[in-house]
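Asks: For reference, this is input_16.txt, and it has compact mmCIF, C-alpha atoms.
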# COMPACT_ATOMS: atom_id res chain seq x y z
CA MET N 1 -15.88 41.83 -8.55
CA LEU N 2 -13.90 39.00 -10.07
CA ARG N 3 -10.48 39.87 -8.71
CA ASN N 4 -9.47 40.19 -5.08
CA THR N 5 -9.09 43.58 -3.43
CA LYS N 6 -7.32 44.49 -0.24
CA ARG N 7 -10.60 44.27 1.62
CA SER N 8 -12.42 41.39 0.01
CA TYR N 9 -12.18 38.27 -2.12
CA GLY N 10 -13.53 38.41 -5.66
CA TRP N 11 -15.93 35.88 -7.15
CA VAL N 12 -13.19 33.72 -8.69
CA ALA N 13 -11.44 33.20 -5.36
CA ILE N 14 -14.78 32.62 -3.64
CA VAL N 15 -15.82 29.94 -6.12
CA PHE N 16 -12.34 28.35 -5.92
CA HIS N 17 -12.60 28.29 -2.12
CA TRP N 18 -16.04 26.70 -1.79
CA ILE N 19 -15.58 24.14 -4.56
CA SER N 20 -12.27 23.11 -2.93
CA ALA N 21 -14.01 22.87 0.44
CA CYS N 22 -16.79 20.62 -0.89
CA ALA N 23 -14.40 18.46 -2.93
CA ILE N 24 -11.94 17.97 -0.07
CA LEU N 25 -14.63 17.01 2.45
CA ALA N 26 -16.27 14.66 -0.07
CA MET N 27 -12.93 13.05 -0.95
CA PHE N 28 -12.16 12.53 2.73
CA GLY N 29 -15.51 10.80 3.29
CA LEU N 30 -15.19 8.75 0.13
CA GLY N 31 -11.66 7.72 1.02
CA LEU N 32 -12.61 6.42 4.45
CA TYR N 33 -15.72 4.73 3.05
CA MET N 34 -14.07 2.96 0.14
CA VAL N 35 -11.25 1.29 2.09
CA ASP N 36 -13.79 -0.52 4.27
CA LEU N 37 -15.99 -1.85 1.47
CA SER N 38 -16.22 -5.61 1.12
CA TYR N 39 -15.00 -7.28 -2.04
CA TYR N 40 -18.52 -8.01 -3.25
CA ASP N 41 -19.79 -4.47 -2.71
CA PRO N 42 -20.97 -2.91 -6.00
CA TRP N 43 -18.93 0.19 -5.12
CA TYR N 44 -15.72 -1.74 -4.43
CA ARG N 45 -14.18 -0.78 -7.77
CA ASP N 46 -16.03 2.41 -8.74
CA SER N 47 -15.37 4.19 -5.44
CA LEU N 48 -11.63 3.95 -6.01
CA THR N 49 -11.93 4.96 -9.67
CA ILE N 50 -13.87 8.06 -8.63
CA HIS N 51 -11.48 8.87 -5.76
CA LYS N 52 -8.46 8.71 -8.08
CA GLY N 53 -10.11 10.62 -10.94
CA VAL N 54 -11.46 13.37 -8.70
CA GLY N 55 -8.10 13.49 -6.90
CA VAL N 56 -6.28 14.33 -10.12
CA ILE N 57 -8.88 16.97 -11.01
CA VAL N 58 -8.69 18.52 -7.52
CA ALA N 59 -4.90 18.66 -7.80
CA VAL N 60 -5.15 20.63 -11.07
CA PHE N 61 -7.87 22.80 -9.53
CA ILE N 62 -5.76 23.66 -6.49
CA ILE N 63 -2.77 24.54 -8.69
CA LEU N 64 -5.02 26.93 -10.65
CA ARG N 65 -6.36 28.31 -7.37
CA LEU N 66 -2.84 28.97 -6.09
CA ALA N 67 -1.90 30.62 -9.40
CA TRP N 68 -4.94 32.89 -9.07
CA LYS N 69 -4.09 33.67 -5.44
CA LEU N 70 -0.53 34.60 -6.34
CA THR N 71 -1.53 36.85 -9.22
CA ASN N 72 -4.15 38.72 -7.19
CA GLU N 73 -3.88 41.30 -4.48
CA SER N 74 -3.60 39.79 -1.00
CA VAL N 75 -6.71 40.25 1.06
CA GLN N 76 -5.80 41.78 4.39
CA ASP N 77 -6.27 39.75 7.54
CA LEU N 78 -8.78 41.63 9.69
CA SER N 79 -7.10 40.33 12.85
CA ASN N 80 -4.04 42.21 11.67
CA VAL N 81 -5.46 45.47 10.28
CA GLN N 82 -8.40 46.00 12.64
CA ARG N 83 -7.13 44.64 15.93
CA ASN N 84 -3.38 44.40 15.39
CA ASP N 85 -3.44 40.84 16.74
CA GLN N 86 -0.08 39.62 15.47
CA LEU N 87 -0.32 36.16 17.04
CA GLN N 88 -3.66 35.41 15.47
CA HIS N 89 -2.46 36.80 12.16
CA ARG N 90 0.60 34.55 12.17
CA LEU N 91 -1.38 31.48 13.18
CA ALA N 92 -3.90 32.10 10.42
CA THR N 93 -1.17 32.53 7.81
CA LEU N 94 0.53 29.38 9.04
CA ALA N 95 -2.73 27.39 8.96
CA HIS N 96 -3.49 28.52 5.40
CA SER N 97 0.00 27.61 4.17
CA ALA N 98 -0.21 24.28 6.01
CA MET N 99 -3.49 23.39 4.33
CA TYR N 100 -1.96 23.97 0.89
CA ALA N 101 1.14 22.00 1.85
CA LEU N 102 -0.89 19.07 3.20
CA LEU N 103 -3.00 19.07 0.05
CA PHE N 104 0.11 18.71 -2.08
CA ILE N 105 1.38 15.90 0.12
CA LEU N 106 -2.01 14.23 -0.39
CA PHE N 107 -1.81 14.61 -4.17
CA VAL N 108 1.71 13.22 -4.35
CA SER N 109 1.15 10.35 -1.89
CA GLY N 110 -2.12 9.35 -3.53
CA TYR N 111 -0.44 9.33 -6.93
CA LEU N 112 2.45 7.23 -5.61
CA ILE N 113 0.12 4.61 -4.07
CA SER N 114 -1.58 3.83 -7.34
CA THR N 115 1.31 4.19 -9.76
CA ALA N 116 3.92 2.03 -8.00
CA ASP N 117 3.39 -0.81 -10.47
CA GLY N 118 3.79 1.32 -13.59
CA ARG N 119 0.05 1.74 -14.12
CA GLY N 120 -1.10 5.31 -14.66
CA ILE N 121 -4.24 6.90 -13.22
CA ASP N 122 -7.19 6.85 -15.57
CA VAL N 123 -9.18 10.05 -15.13
CA PHE N 124 -12.70 9.03 -16.13
CA GLY N 125 -11.54 7.69 -19.47
CA VAL N 126 -10.56 11.19 -20.62
CA PHE N 127 -6.82 10.85 -20.12
CA VAL N 128 -4.34 8.73 -18.23
CA LEU N 129 -1.89 10.38 -15.86
CA PRO N 130 1.18 8.22 -16.51
CA SER N 131 3.17 6.44 -13.85
CA ILE N 132 6.77 7.36 -13.14
CA GLY N 133 7.35 3.88 -11.76
CA GLU N 134 8.36 2.64 -8.36
CA LEU N 135 10.67 5.22 -6.80
CA PHE N 136 11.37 3.36 -3.57
CA GLU N 137 10.61 0.02 -1.95
CA GLN N 138 7.24 -0.58 -0.31
CA GLN N 139 6.09 2.58 -2.07
CA SER N 140 2.36 1.85 -1.95
CA ASP N 141 2.41 0.92 1.71
CA ILE N 142 4.50 3.85 2.91
CA THR N 143 2.64 6.45 0.86
CA GLY N 144 -0.65 4.80 1.89
CA VAL N 145 0.08 5.47 5.55
CA VAL N 146 1.19 9.04 4.73
CA HIS N 147 -1.99 9.60 2.69
CA LEU N 148 -4.22 8.49 5.58
CA TYR N 149 -2.56 10.49 8.34
CA VAL N 150 -2.09 13.61 6.25
CA ALA N 151 -5.77 13.46 5.32
CA TRP N 152 -6.78 13.35 8.98
CA THR N 153 -4.37 16.20 9.78
CA LEU N 154 -5.80 18.29 6.97
CA ILE N 155 -9.34 17.69 8.17
CA GLY N 156 -8.24 18.70 11.66
CA LEU N 157 -6.94 21.97 10.21
CA VAL N 158 -10.14 22.42 8.21
CA VAL N 159 -12.16 22.16 11.41
CA THR N 160 -9.86 24.71 13.05
CA HIS N 161 -10.14 26.96 9.98
CA ALA N 162 -13.97 26.77 9.98
CA SER N 163 -14.11 27.37 13.74
CA ALA N 164 -11.91 30.44 13.33
CA ALA N 165 -14.20 31.75 10.59
CA LEU N 166 -17.23 31.35 12.86
CA TYR N 167 -15.30 32.99 15.71
CA HIS N 168 -14.64 36.00 13.44
CA HIS N 169 -18.28 36.07 12.40
CA TRP N 170 -20.06 35.63 15.72
CA ILE N 171 -17.61 36.69 18.40
CA LEU N 172 -15.44 39.31 16.72
CA LYS N 173 -18.32 40.30 14.42
CA ASP N 174 -16.08 41.22 11.50
CA LEU N 175 -16.41 40.60 7.76
CA THR N 176 -13.95 37.67 7.54
CA LEU N 177 -16.62 35.07 6.72
CA LYS N 178 -18.93 37.37 4.78
CA ARG N 179 -16.22 38.41 2.33
CA MET N 180 -15.65 34.73 1.50
CA CYS N 181 -19.36 34.36 0.68
CA SER N 182 -19.71 37.37 -1.63
CA PRO N 183 -17.39 40.25 -2.55
CA GLN N 184 -17.73 43.10 -0.04
CA LYS N 185 -17.90 46.68 -1.28
CA GLU N 186 -15.00 48.97 -0.52
CA GLN N 187 -15.75 51.01 2.59
CA MET C 1 16.04 -11.61 8.04
CA LYS C 2 19.76 -11.32 8.51
CA LYS C 3 19.49 -12.51 12.09
CA PHE C 4 17.54 -15.54 11.02
CA LEU C 5 19.93 -16.32 8.21
CA ILE C 6 22.89 -16.21 10.54
CA ALA C 7 21.04 -18.40 13.05
CA GLY C 8 20.05 -20.73 10.22
CA LEU C 9 23.58 -20.91 8.89
CA LEU C 10 24.97 -21.63 12.35
CA ALA C 11 22.33 -24.27 13.00
CA THR C 12 23.05 -25.91 9.67
CA CYS C 13 26.77 -25.86 10.31
CA VAL C 14 26.29 -27.56 13.68
CA THR C 15 23.68 -30.14 12.76
CA SER C 16 25.12 -31.16 9.46
CA ALA C 17 28.78 -31.51 10.33
CA THR C 18 28.49 -35.19 9.42
CA ALA C 19 26.68 -34.72 6.11
CA SER C 20 28.08 -31.44 4.83
CA ALA C 21 28.38 -32.76 1.28
CA ALA C 22 24.60 -32.75 0.99
CA ASP C 23 23.77 -29.29 2.28
CA TYR C 24 22.22 -26.91 -0.17
CA VAL C 25 21.32 -23.26 -0.10
CA ILE C 26 18.32 -22.31 -2.17
CA ASP C 27 19.44 -20.17 -5.09
CA THR C 28 17.45 -17.03 -4.38
CA LYS C 29 20.47 -14.91 -5.24
CA GLY C 30 20.33 -16.05 -8.85
CA ALA C 31 16.53 -16.31 -8.68
CA HIS C 32 16.37 -19.95 -9.59
CA ALA C 33 13.70 -20.45 -7.01
CA PHE C 34 10.10 -19.33 -6.78
CA VAL C 35 7.35 -19.25 -4.22
CA ASN C 36 4.21 -18.86 -6.27
CA PHE C 37 0.56 -18.75 -5.42
CA LYS C 38 -2.69 -18.77 -7.26
CA ILE C 39 -6.24 -18.19 -6.11
CA LYS C 40 -9.53 -18.28 -7.98
CA HIS C 41 -10.92 -14.88 -8.88
CA LEU C 42 -14.69 -15.01 -8.37
CA GLY C 43 -14.53 -18.61 -9.55
CA TYR C 44 -13.95 -17.45 -13.13
CA SER C 45 -10.18 -17.40 -13.47
CA TRP C 46 -6.88 -17.83 -11.64
CA LEU C 47 -5.02 -14.94 -10.12
CA HIS C 48 -1.29 -15.62 -9.96
CA GLY C 49 1.29 -14.05 -7.73
CA ARG C 50 4.50 -14.79 -5.95
CA PHE C 51 6.71 -13.86 -3.05
CA ASN C 52 9.82 -12.17 -4.37
CA GLN C 53 11.93 -12.49 -1.24
CA PHE C 54 12.62 -15.63 0.68
CA ASP C 55 15.57 -17.65 1.84
CA GLY C 56 16.04 -21.27 2.60
CA GLU C 57 18.27 -24.23 2.91
CA PHE C 58 17.82 -27.92 2.56
CA ASN C 59 19.70 -31.11 3.03
CA TYR C 60 19.50 -33.83 0.41
CA ASP C 61 21.52 -36.88 -0.49
CA ALA C 62 20.29 -39.10 -3.31
CA LYS C 63 21.63 -42.12 -1.43
CA LYS C 64 19.67 -41.27 1.71
CA PRO C 65 16.74 -39.17 0.43
CA ASN C 66 14.57 -39.85 3.47
CA ASP C 67 17.07 -38.03 5.67
CA SER C 68 16.33 -34.82 3.83
CA ALA C 69 15.15 -31.64 5.52
CA ILE C 70 14.20 -28.16 4.37
CA LYS C 71 13.69 -24.81 5.98
CA LEU C 72 12.23 -21.79 4.23
CA VAL C 73 11.57 -18.23 5.38
CA ILE C 74 9.35 -16.04 3.25
CA ASP C 75 9.24 -12.25 3.54
CA THR C 76 5.50 -11.65 3.36
CA ARG C 77 6.05 -7.98 2.45
CA SER C 78 7.44 -9.13 -0.88
CA ILE C 79 4.08 -10.38 -2.16
CA ASP C 80 3.72 -9.44 -5.81
CA SER C 81 0.59 -9.94 -7.86
CA ASN C 82 1.62 -7.34 -10.44
CA HIS C 83 -0.82 -4.74 -9.14
CA ALA C 84 0.31 -2.13 -6.59
CA GLU C 85 -3.12 -1.39 -5.16
CA ARG C 86 -3.95 -5.07 -4.76
CA ASP C 87 -0.56 -5.85 -3.24
CA LYS C 88 -1.05 -3.03 -0.75
CA HIS C 89 -4.40 -4.54 0.19
CA LEU C 90 -2.89 -8.04 0.48
CA ARG C 91 -0.15 -6.72 2.79
CA GLY C 92 -2.71 -4.94 4.96
CA SER C 93 -4.69 -6.19 7.93
CA ASP C 94 -7.43 -7.72 5.75
CA PHE C 95 -4.95 -10.36 4.58
CA LEU C 96 -1.32 -10.95 5.47
CA ASN C 97 -0.97 -8.13 8.01
CA VAL C 98 2.74 -7.95 7.19
CA SER C 99 3.60 -5.29 9.75
CA LYS C 100 2.58 -7.77 12.45
CA TYR C 101 3.55 -10.97 10.62
CA PRO C 102 6.49 -10.12 8.34
CA LYS C 103 7.55 -13.75 7.97
CA ALA C 104 5.97 -16.96 6.82
CA THR C 105 8.04 -20.05 7.47
CA PHE C 106 8.10 -23.69 6.58
CA GLU C 107 10.21 -26.26 8.35
CA SER C 108 10.03 -29.92 7.46
CA THR C 109 9.62 -32.57 10.12
CA SER C 110 9.90 -35.55 7.77
CA ILE C 111 10.54 -36.21 4.11
CA SER C 112 9.94 -39.59 2.52
CA PHE C 113 10.64 -40.53 -1.07
CA SER C 114 8.65 -43.35 -2.66
CA ASP C 115 11.05 -43.52 -5.61
CA GLU C 116 13.92 -41.50 -7.05
CA THR C 117 11.64 -38.68 -8.12
CA ASN C 118 8.55 -38.55 -5.94
CA GLY C 119 8.41 -37.70 -2.30
CA LYS C 120 6.22 -36.31 0.40
CA VAL C 121 7.20 -33.48 2.72
CA THR C 122 5.57 -33.02 6.08
CA GLY C 123 6.31 -29.99 8.15
CA LYS C 124 5.22 -26.92 10.05
CA PHE C 125 3.94 -24.01 8.03
CA THR C 126 3.53 -20.66 9.75
CA LEU C 127 1.47 -17.96 8.10
CA HIS C 128 -0.27 -14.94 9.64
CA GLY C 129 1.02 -16.05 13.03
CA VAL C 130 -0.69 -19.46 12.81
CA THR C 131 1.36 -22.66 12.65
CA LYS C 132 -0.09 -25.79 11.11
CA THR C 133 1.34 -29.11 10.08
CA ILE C 134 0.94 -29.64 6.36
CA ALA C 135 2.02 -32.40 4.00
CA PHE C 136 2.45 -32.17 0.27
CA ASP C 137 3.96 -34.05 -2.64
CA ILE C 138 7.23 -33.03 -4.20
CA GLN C 139 9.16 -34.06 -7.26
CA LYS C 140 12.86 -34.02 -7.82
CA LEU C 141 13.54 -32.54 -11.24
CA GLY C 142 17.25 -33.20 -11.59
CA GLU C 143 20.70 -32.80 -10.18
CA GLY C 144 24.25 -32.42 -11.38
CA SER C 145 27.15 -30.10 -11.97
CA ASP C 146 26.53 -26.62 -13.24
CA PRO C 147 28.81 -24.95 -15.83
CA TRP C 148 30.46 -22.72 -13.20
CA GLY C 149 31.99 -25.26 -10.86
CA GLY C 150 29.03 -25.82 -8.58
CA TYR C 151 26.60 -28.62 -7.98
CA ARG C 152 22.85 -28.20 -8.06
CA VAL C 153 19.62 -30.05 -7.44
CA GLY C 154 16.06 -28.92 -8.08
CA PHE C 155 12.67 -29.80 -6.68
CA GLU C 156 9.12 -28.64 -6.98
CA GLY C 157 6.07 -29.11 -4.87
CA ALA C 158 2.56 -27.79 -4.51
CA THR C 159 -0.08 -27.63 -1.87
CA LYS C 160 -3.37 -25.99 -1.18
CA ILE C 161 -4.23 -24.17 2.03
CA LYS C 162 -7.47 -22.80 3.38
CA LEU C 163 -7.01 -19.13 4.23
CA ALA C 164 -9.43 -19.27 7.16
CA ASP C 165 -7.24 -21.96 8.78
CA TYR C 166 -4.61 -19.26 9.13
CA GLY C 167 -6.98 -16.63 10.44
CA ILE C 168 -7.33 -14.82 7.10
CA ASP C 169 -11.07 -14.48 6.80
CA TYR C 170 -11.62 -11.60 4.37
CA ASP C 171 -14.51 -12.64 2.14
CA LEU C 172 -13.32 -13.14 -1.42
CA GLY C 173 -16.30 -15.28 -2.29
CA PRO C 174 -17.07 -19.00 -2.07
CA ALA C 175 -14.72 -19.94 -4.91
CA SER C 176 -11.73 -18.20 -3.33
CA THR C 177 -11.39 -19.69 0.11
CA HIS C 178 -8.24 -21.66 -0.69
CA VAL C 179 -4.88 -20.67 -2.10
CA ASN C 180 -2.61 -22.96 -4.10
CA LEU C 181 1.03 -22.61 -3.23
CA GLY C 182 3.79 -23.70 -5.55
CA LEU C 183 7.38 -24.11 -4.49
CA HIS C 184 10.06 -24.35 -7.16
CA ILE C 185 13.58 -24.48 -5.82
CA GLU C 186 17.06 -25.04 -7.03
CA GLY C 187 19.72 -25.61 -4.39
CA ILE C 188 23.43 -24.99 -4.71
CA ARG C 189 25.58 -27.41 -2.76
CA LYS C 190 27.67 -25.66 -0.15
Would you mind giving the structure from this file in structure tokens?
Replies:
Amino acid sequence: MLRNTKRSYGWVAIVFHWISACAILAMFGLGLYMVDLSYYDPWYRDSLTIHKGVGVIVAVFIILRLAWKLTNESVQDLSNVQRNDQLQHRLATLAHSAMYALLFILFVSGYLISTADGRGIDVFGVFVLPSIGELFEQQSDITGVVHLYVAWTLIGLVVTHASAALYHHWILKDLTLKRMCSPQKEQ
Amino acid sequence: MKKFLIAGLLATCVTSATASAADYVIDTKGAHAFVNFKIKHLGYSWLHGRFNQFDGEFNYDAKKPNDSAIKLVIDTRSIDSNHAERDKHLRGSDFLNVSKYPKATFESTSISFSDETNGKVTGKFTLHGVTKTIAFDIQKLGEGSDPWGGYRVGFEGATKIKLADYGIDYDLGPASTHVNLGLHIEGIRK
């Protein structure tokens, strides 16, 4: 029930998935909201502190999630095993890999924006992720642009990913979405 | 920047053929020149910063000080207030919008000295795409030979500008509508 099987995700993967989903959507909203706040807004400072702190935690969380994924059995793609749809299978695999890759670009670019002046990132007063300094000129500006566009790209993929899940659930009527909500018994 | 410098150098060569002994290049190479700013933070303290990259030239002759002229080009992307997140914000569209306005320039139209030390510079200042005529007091600090075979002269001046005059209208509060600019330059005679 905790570990993945060929046919279904286990509870650990399921919890990893949905917490990531909530955190990523919330961080996207917070990110867009905070950059438009006026200087006198009470949230002007705290919104950024929260965004940076949660960002570091999400980065650690996603690394743990990947480690769990790699040490568990791969859940079979139903497009592949039930319908032998190679194109859909490849696209899905590509989309999943791309979401992980974009997340890591987000972590790195976000880190580089804030640490270009040698200041580390304070994670809710618990610890400070140290700066590695300014690695290239205009670091904050360049990585800021990357951070914004990669975030939008990721959200675009998330929408595609969610649409595909609903397509599996309602049109193809398979267990793709259900097995990400609770572990499905072996048939 | 390079294009401007070349143009500036050519222009200086042409216009100053008669007074070449009094042409100076601002010593940005050795960083004996500073473009500083300060602005009130909430009305409680001063926030200091500077522009790290700029180039300029001036013409000065102690015998004919009122014939002086200065031209300065500031790379707005080089703003540095010792805080990466703030500098990113200052370079963005809320403030300097450096991708659209990468340069701020000052070019004097007249300089008049009231005595050996004190003078007033009038000229055109361009910031954020807006050009305004400003005038401010300057002081000559000293001049003479340097230990390495050159000849140097130094000046400083300060002025205060209203950000809204230059189309920068981000609300930093009622105490922070103006920025003080400080220019500290040492020129090396060409």
Asks: Which residues, protein or nucleic acid, reach to within 12 Å of (-0.3, -31.0, 15.8) in the file's coordinates when using only C-alpha atoms, and can you give that as an MDAnalysis selection string?
Replies: chainID C and resid 109 122:125 130:134
Asks: My list of candidates is N:Gly144, N:Gly156, N:Gly31, N:Pro130. Which is closest to N:Lys52 when distances are computed with only C-alpha atoms?
Replies: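 Of N:Gly144, N:Gly156, N:Gly31, N:Pro130, the one nearest N:Lys52 is N:Gly31, counting only C-alpha atoms.
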Asks: What residues have an atom no more than 8 Å from (7.4, -36.9, 4.2) in the file's own frame, counting all atoms listed in the file, and can you write them as a list in words?
Replies: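 Nearby residues: Asn66, Thr109, Ser110, Ile111, Ser112, Phe113, Gly119, Lys120, Val121, Thr122, Ala135 and Phe136 of chain C.
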Asks: Residues of chain C within 9 Å of chain N, using all atoms listed in the file, as a list in words?
Replies: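 Contact residues on the first chain: Arg77, Ser78, Asn82, His83, Ala84, Glu85, Asp87, Lys88, His89, Arg91, Gly92, Tyr170, Asp171, Leu172 and Gly173 of chain C.
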Asks: Which value, in Å to one decimal, gives the distance between atom CA of C:His128 and atom CA of N:Leu135?
Replies: 28.2 Å
Asks: Write out as a PyMOL selection string the residues lying within 12 Å of C:Ile188, counting only C-alpha atoms and excluding same-chain residues fewer than 4 positions away.
Replies: chain C and resi 21-33+56-60+143-146+148-155
Asks: Let's have the selection written as a PDB file, in the frame of the given file, with C-alpha atoms.
Replies:
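Once everything was written out, this is selection-v7.pdb:
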ATOM      1  CA  ALA C  21      28.380 -32.760   1.280  1.00  0.00           C
ATOM      2  CA  ALA C  22      24.600 -32.750   0.990  1.00  0.00           C
ATOM      3  CA  ASP C  23      23.770 -29.290   2.280  1.00  0.00           C
ATOM      4  CA  TYR C  24      22.220 -26.910  -0.170  1.00  0.00           C
ATOM      5  CA  VAL C  25      21.320 -23.260  -0.100  1.00  0.00           C
ATOM      6  CA  ILE C  26      18.320 -22.310  -2.170  1.00  0.00           C
ATOM      7  CA  ASP C  27      19.440 -20.170  -5.090  1.00  0.00           C
ATOM      8  CA  THR C  28      17.450 -17.030  -4.380  1.00  0.00           C
ATOM      9  CA  LYS C  29      20.470 -14.910  -5.240  1.00  0.00           C
ATOM     10  CA  GLY C  30      20.330 -16.050  -8.850  1.00  0.00           C
ATOM     11  CA  ALA C  31      16.530 -16.310  -8.680  1.00  0.00           C
ATOM     12  CA  HIS C  32      16.370 -19.950  -9.590  1.00  0.00           C
ATOM     13  CA  ALA C  33      13.700 -20.450  -7.010  1.00  0.00           C
ATOM     14  CA  GLY C  56      16.040 -21.270   2.600  1.00  0.00           C
ATOM     15  CA  GLU C  57      18.270 -24.230   2.910  1.00  0.00           C
ATOM     16  CA  PHE C  58      17.820 -27.920   2.560  1.00  0.00           C
ATOM     17  CA  ASN C  59      19.700 -31.110   3.030  1.00  0.00           C
ATOM     18  CA  TYR C  60      19.500 -33.830   0.410  1.00  0.00           C
ATOM     19  CA  GLU C 143      20.700 -32.800 -10.180  1.00  0.00           C
ATOM     20  CA  GLY C 144      24.250 -32.420 -11.380  1.00  0.00           C
ATOM     21  CA  SER C 145      27.150 -30.100 -11.970  1.00  0.00           C
ATOM     22  CA  ASP C 146      26.530 -26.620 -13.240  1.00  0.00           C
ATOM     23  CA  TRP C 148      30.460 -22.720 -13.200  1.00  0.00           C
ATOM     24  CA  GLY C 149      31.990 -25.260 -10.860  1.00  0.00           C
ATOM     25  CA  GLY C 150      29.030 -25.820  -8.580  1.00  0.00           C
ATOM     26  CA  TYR C 151      26.600 -28.620  -7.980  1.00  0.00           C
ATOM     27  CA  ARG C 152      22.850 -28.200  -8.060  1.00  0.00           C
ATOM     28  CA  VAL C 153      19.620 -30.050  -7.440  1.00  0.00           C
ATOM     29  CA  GLY C 154      16.060 -28.920  -8.080  1.00  0.00           C
ATOM     30  CA  PHE C 155      12.670 -29.800  -6.680  1.00  0.00           C
TER      31      PHE C 155
END
Asks: Using only C-alpha atoms, which protein or nucleic acid residues come within 9 Å of stretch 68-72 of chain N? Drop anything in the same chain fewer than 3 positions from it, and give the result as a compact mmCIF listing (two decimals) with C-alpha atoms, in the coordinates of the input.
Replies:
# COMPACT_ATOMS: atom_id res chain seq x y z
CA ARG N 3 -10.48 39.87 -8.71
CA ASN N 4 -9.47 40.19 -5.08
CA THR N 5 -9.09 43.58 -3.43
CA VAL N 12 -13.19 33.72 -8.69
CA ALA N 13 -11.44 33.20 -5.36
CA ILE N 63 -2.77 24.54 -8.69
CA LEU N 64 -5.02 26.93 -10.65
CA ARG N 65 -6.36 28.31 -7.37
CA VAL N 75 -6.71 40.25 1.06
Asks: Excluding C:Asn118 and any residue of its chain fewer than 5 positions from it, enumerate the residues within 8 Å of it, using only C-alpha atoms, and give them as a ChimeraX atom specification.
Replies: /C:113,137-140
Asks: Go ahead and dump the residues you just picked, C-alpha atoms, as a PDB file, in the frame of the given file.
Replies:
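What ended up in result_25.pdb:
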ATOM      1  CA  PHE C 113      10.640 -40.530  -1.070  1.00  0.00           C
ATOM      2  CA  ASP C 137       3.960 -34.050  -2.640  1.00  0.00           C
ATOM      3  CA  ILE C 138       7.230 -33.030  -4.200  1.00  0.00           C
ATOM      4  CA  GLN C 139       9.160 -34.060  -7.260  1.00  0.00           C
ATOM      5  CA  LYS C 140      12.860 -34.020  -7.820  1.00  0.00           C
TER       6      LYS C 140
END
Asks: May I have the residues within 8 Å of C:Ala175 as a list in words, using only C-alpha atoms and disregarding those fewer than 5 positions away in the same chain?
Replies: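 Close residues of C:Ala175: Lys40, His41, Leu42 and Gly43 of chain C.
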Asks: Grab the residues selected above and save them as a PDB file, in the coordinates of the input with C-alpha atoms.
Replies:
ATOM      1  CA  LYS C  40      -9.530 -18.280  -7.980  1.00  0.00           C
ATOM      2  CA  HIS C  41     -10.920 -14.880  -8.880  1.00  0.00           C
ATOM      3  CA  LEU C  42     -14.690 -15.010  -8.370  1.00  0.00           C
ATOM      4  CA  GLY C  43     -14.530 -18.610  -9.550  1.00  0.00           C
TER       5      GLY C  43
END
Asks: Residues within 12 Å of N:Tyr9, please, as a PyMOL selection string. Count only C-alpha atoms; anything in the same chain fewer than 5 positions from it doesn't count.
Replies: chain N and resi 1-4+14-17+68-69+72-77+175-186
